[in-house]
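Q: There's a structure below that I have some questions on.
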Amino acid sequence: MDYEWKHPYHFTDTLVITDNGMGLDTLFFGTAPGATDGIDPTWGESQLTPIPPAGTFDVRWLIPLTNGTRLDMRDILSYTHQQILYTGNLQAGTGGYPITFQWNNTIFPVGTVTLRDAATHGAQFSVDMRNQNSYVISNPSVTSFEILYVAPTYYSFKKGWNMVSIPVIPFGSNKKTSIFPTAISRAFGYSTLYYYADTLTHGKGYWIKFEKDENIGLDGTPVTMDTIQTNNGWTMIGGIDNSVSINDIIQIPSDIVTSNYFHFDIGYTTTDSIRSARGYWVKTNQTGKLVLSSSLESHQASSISKNLDLREFNSITVTDNEGYNQTLYFNDMIKSEASTDRFELPPLPPSGVFDIRYSSNRYVERLTAENRSLTINIQSSAYPVMIKWYSNQPTIQTLRLSDAKTNQSLSTISNGGTTRITNPAVTTIKIKSESADLLPKKFSLEQLILYNVLGQEVTTIINNQDYTAGVHTVEINPDRIGLDKVIGSGVYFYKITAQSGKENFSAVRKMLLLK
């Protein structure tokens with residue numbers, strides 16, 4: 001038999017209504033893609049005859065400018081269509097009241113479903129149709145009713161990897177496939193190691209990947225307070241129904257948190273609050289509990305790095321080809337190794353997820369007089385990566401980059417400069433800072449040779465000239481460099497060879513000559 005796809009939010013329920021006599025009828029209601037608020041013959045809706053005289057049992061859905069219907073289908077709930085109101089008319093037969101409603105409470109896909117009186121919009125009665133399957137109306141003044149169907153709270157998730165949580169107790173299944181049906185990865189939880197999480201629980205954080213930006217409704221009873229168990233070490237935690245400042249998180253025992261709180265956006269970033277439906281990393285020095293509440297305030301000072309202004313540090317920013325980026329910091333003013341322990345990063349994300357960190361697993365490092373080198377680890381599935389750096393110290397103006405595995409030189413970058421790493425095999429980079437006091441004040445430009453696109457030497461522009469450190473300009477003028485022929489516009493290559501003391505430099509670059 002051919003498979004017929006059905007939208008996960010498409011449903012039809014029955015509403016069996018009886019009065020105190022022989023009156024009995026059935027109404028149908030639900031949602032379907034593209035259904036309207038009017039009569040939709042496509043979905044089987046048709047207009048009824050006019051309401052019969054009083055004393056004749058009659059129930060129907062009220063559709064403006066019509067006699068009403070027995071079936072009322074509406075468009076599915078979504079991020080832009082978050083509420084449906086079905087309105088019905090009641091007319092008791094000779095048996096009179098009470099009137100009994102019965103329905104199937106197991107088939108509602110998402111959202112809250114409320115049966116209420118139409119006159120006061122719920123002041124006389126308001127029934128959660130998910131939690132029961134029948135209701136009796138005894139008051140004969142109730143001659144109309146409503147079913148209010150409201151979408152769950154929608155949360156935005158970005159394309160690619162996200163750290164997520166569920167701030168609700170789901171009405172239905174807590175399977176990952178039910179809560180995040182459009183995810184293209186399994187869910188990863190963490191407990192000293194990553195594990196596959198087929199079912200999701202509030203209070204915990206998870207890694208999940210989406211193919212595109214998504215708005216997803218998380219349906220269930222809101223979690224307004226949660227007590228989260230922590231590991232001795234790193235724990236992935238989840239938010240509750242409302243945002244909670246990290247200073248209002250109660251720690252049991254007190255002062256067990258030893259790290260910042262981290263979330264993942266375009267890389268690991270510290271945060272000042274725990275938000276709904278997001279996952280976070282935090283490190284504690286023992287097993288314990290963190291209490292998140294919408295109402296409690298603890299005012300504990302939890303920001304580990306609050307006394308350091310990282311804007312005063314030198315920075316290295318690495319950006320991959322998908323736009324993910326992360327900034328690392330360093331200087332030689334930090335007093336001790338222990339001072340950088342607070343800047344430890346959370347465990348690596350799952351394989352392929354962007355991550356940049358020092359080999360120490362920190363994002364802030366110190367230089368010493370004895371050791372002017374740092375090692376950066378790169379995890380990315382989207383090369384090339386760009387490396388840009390800024391110095392806030394006049395004594396540090398140049399970085400030398402090399403492949404830490406092969407010792408091959410990659411680049412030398414001046415303050416504010418950028419370099420591009422194209423080889424995905426380069427995942428560990430050694431960075432050596434050059435003090436301005438150690439930089440050469442003078443260098444010898446041994447040769448600057450111009451080649452055409454065939455690799456043929458055109459001319460030697462410079463040969464054994466001394467220069468002071470700085471920026472220099474060379475004019476390629478046939479008369480000045482002694483050429484007896486005109487150099488045409490086009491693409492050329494130049495080879496530059498220089499020496500300063502024991503340091504040698506050689507590189508070939510492409511150039512465009514315009515006249």
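Residues in the structure tokens are numbered from 1 in each chain, the chains being A, B, ... in the order shown, and ligands are numbered from 1 in the order shown.
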Got a sec: who's within 6 Å of stretch 379-393 of chain A, counting only C-alpha atoms, leaving out chain neighbours fewer than 2 positions off, as a PyMOL selection string?

A: chain A and resi 314-321+352+354-355+395-396+415-422+424

Q: Can you pull out the residues contacting stretch 157-173 of chain A? Cut-off 6 Å, using only C-alpha atoms, and skip same-chain residues under 5 positions away; I want them as a PyMOL selection string.

A: chain A and resi 202+205-214+219-223+238-241+276-279

Q: Can you tell me, as a list of chain:residue names, what residues are no more than 12 Å from A:Gly455 when counting only C-alpha atoms, ignoring any on the same chain fewer than 2 positions away?

A: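 My list of contacting residues is A:Ile449, A:Leu450, A:Tyr451, A:Asn452, A:Val453, A:Glu457, A:Val458, A:Thr459, A:Val491, A:Tyr492, A:Phe493, A:Tyr494, A:Lys495, A:Val508, A:Lys510.
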
Q: Would you please give, as a PyMOL selection string, all residues of stretch 45-189 of chain A that DSSP assigns to strand (DSSP E) based on the backbone?

A: chain A and resi 58-61+71-74+83-91+99-103+112-117+126-128+134-137+144-150+153-157+160-164+168-170+188-189

Q: Go through A:Pro181, A:Leu90, A:Leu15, A:Gly95 one by one, measure the shortest atom-to-atom distance of each to A:Tyr135 using only C-alpha atoms, and give the residue with the smallest value.

A: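 Checking each candidate against A:Tyr135, we get A:Leu15 as the closest.
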
Q: What's the 8 Å shell around A:Leu290, counting only C-alpha atoms, without same-chain residues fewer than 5 positions away, as a ChimeraX atom specification?

A: /A:227-230,249-252

Q: Put those residues in a file: C-alpha atoms, as a PDB file, in the first residue's frame.

A:
ATOM      1  CA  THR A 227      16.920  21.192  40.932  1.00  0.00           C
ATOM      2  CA  ILE A 228      19.731  19.945  38.715  1.00  0.00           C
ATOM      3  CA  GLN A 229      22.283  17.346  39.761  1.00  0.00           C
ATOM      4  CA  THR A 230      25.875  18.233  38.863  1.00  0.00           C
ATOM      5  CA  ILE A 249      21.201  30.180  40.888  1.00  0.00           C
ATOM      6  CA  ILE A 250      21.353  28.511  44.298  1.00  0.00           C
ATOM      7  CA  GLN A 251      24.392  26.256  44.740  1.00  0.00           C
ATOM      8  CA  ILE A 252      24.157  23.262  47.073  1.00  0.00           C
TER       9      ILE A 252
END

Q: Extract the full set of helix (DSSP H, G or I) residues from stretch 144-328 of chain A according to DSSP on the backbone, and format it as a list of chain:residue names.

A: A:Lys176, A:Thr177, A:Ser178, A:Ile179, A:Ile246, A:Asn247, A:Asp248, A:Leu310, A:Arg311, A:Glu312

Q: For the selection you just gave me, I'd like the residues written to a file as a PDB file, in the first residue's frame, keeping N, CA, C and O atoms.

A:
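Result saved to selection18.pdb:
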ATOM      1  N   LYS A 176      13.323  12.194  21.640  1.00  0.00           N
ATOM      2  CA  LYS A 176      13.946  13.254  20.861  1.00  0.00           C
ATOM      3  C   LYS A 176      13.267  13.432  19.510  1.00  0.00           C
ATOM      4  O   LYS A 176      13.074  14.554  19.017  1.00  0.00           O
ATOM      5  N   THR A 177      12.848  12.334  18.890  1.00  0.00           N
ATOM      6  CA  THR A 177      12.212  12.397  17.567  1.00  0.00           C
ATOM      7  C   THR A 177      10.851  13.073  17.616  1.00  0.00           C
ATOM      8  O   THR A 177      10.379  13.588  16.604  1.00  0.00           O
ATOM      9  N   SER A 178      10.201  13.075  18.783  1.00  0.00           N
ATOM     10  CA  SER A 178       8.913  13.757  18.922  1.00  0.00           C
ATOM     11  C   SER A 178       9.094  15.233  19.253  1.00  0.00           C
ATOM     12  O   SER A 178       8.356  16.087  18.763  1.00  0.00           O
ATOM     13  N   ILE A 179      10.076  15.542  20.087  1.00  0.00           N
ATOM     14  CA  ILE A 179      10.270  16.919  20.526  1.00  0.00           C
ATOM     15  C   ILE A 179      10.976  17.745  19.463  1.00  0.00           C
ATOM     16  O   ILE A 179      10.627  18.901  19.220  1.00  0.00           O
ATOM     17  N   ILE A 246      22.557  34.094  36.390  1.00  0.00           N
ATOM     18  CA  ILE A 246      23.472  33.144  37.023  1.00  0.00           C
ATOM     19  C   ILE A 246      23.717  33.522  38.482  1.00  0.00           C
ATOM     20  O   ILE A 246      24.066  32.666  39.297  1.00  0.00           O
ATOM     21  N   ASN A 247      23.512  34.793  38.827  1.00  0.00           N
ATOM     22  CA  ASN A 247      23.683  35.211  40.215  1.00  0.00           C
ATOM     23  C   ASN A 247      22.515  34.781  41.106  1.00  0.00           C
ATOM     24  O   ASN A 247      22.605  34.898  42.335  1.00  0.00           O
ATOM     25  N   ASP A 248      21.427  34.312  40.492  1.00  0.00           N
ATOM     26  CA  ASP A 248      20.267  33.853  41.257  1.00  0.00           C
ATOM     27  C   ASP A 248      20.168  32.332  41.303  1.00  0.00           C
ATOM     28  O   ASP A 248      19.166  31.786  41.767  1.00  0.00           O
ATOM     29  N   LEU A 310      38.798  41.479  29.731  1.00  0.00           N
ATOM     30  CA  LEU A 310      39.528  40.840  28.641  1.00  0.00           C
ATOM     31  C   LEU A 310      39.795  41.793  27.488  1.00  0.00           C
ATOM     32  O   LEU A 310      40.603  41.494  26.614  1.00  0.00           O
ATOM     33  N   ARG A 311      39.134  42.931  27.493  1.00  0.00           N
ATOM     34  CA  ARG A 311      39.404  43.912  26.443  1.00  0.00           C
ATOM     35  C   ARG A 311      40.821  44.471  26.556  1.00  0.00           C
ATOM     36  O   ARG A 311      41.339  45.064  25.607  1.00  0.00           O
ATOM     37  N   GLU A 312      41.438  44.301  27.708  1.00  0.00           N
ATOM     38  CA  GLU A 312      42.800  44.778  27.902  1.00  0.00           C
ATOM     39  C   GLU A 312      43.843  43.753  27.432  1.00  0.00           C
ATOM     40  O   GLU A 312      45.033  44.047  27.432  1.00  0.00           O
TER      41      GLU A 312
END

Q: When you count only C-alpha atoms, which of these residues is closest to A:Asp403: A:Arg116, A:Lys432, A:His263, A:Arg342?

A: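 Among the listed residues, the smallest separation from A:Asp403 belongs to A:Lys432.
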
Q: Quick check, in Å to one decimal: how far apart do atom CA of A:Asp75 and atom CA of A:Phe145 lie?

A: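 Taking atom CA of A:Asp75 as the start and atom CA of A:Phe145 as the end point, the length is 20.4 Å.
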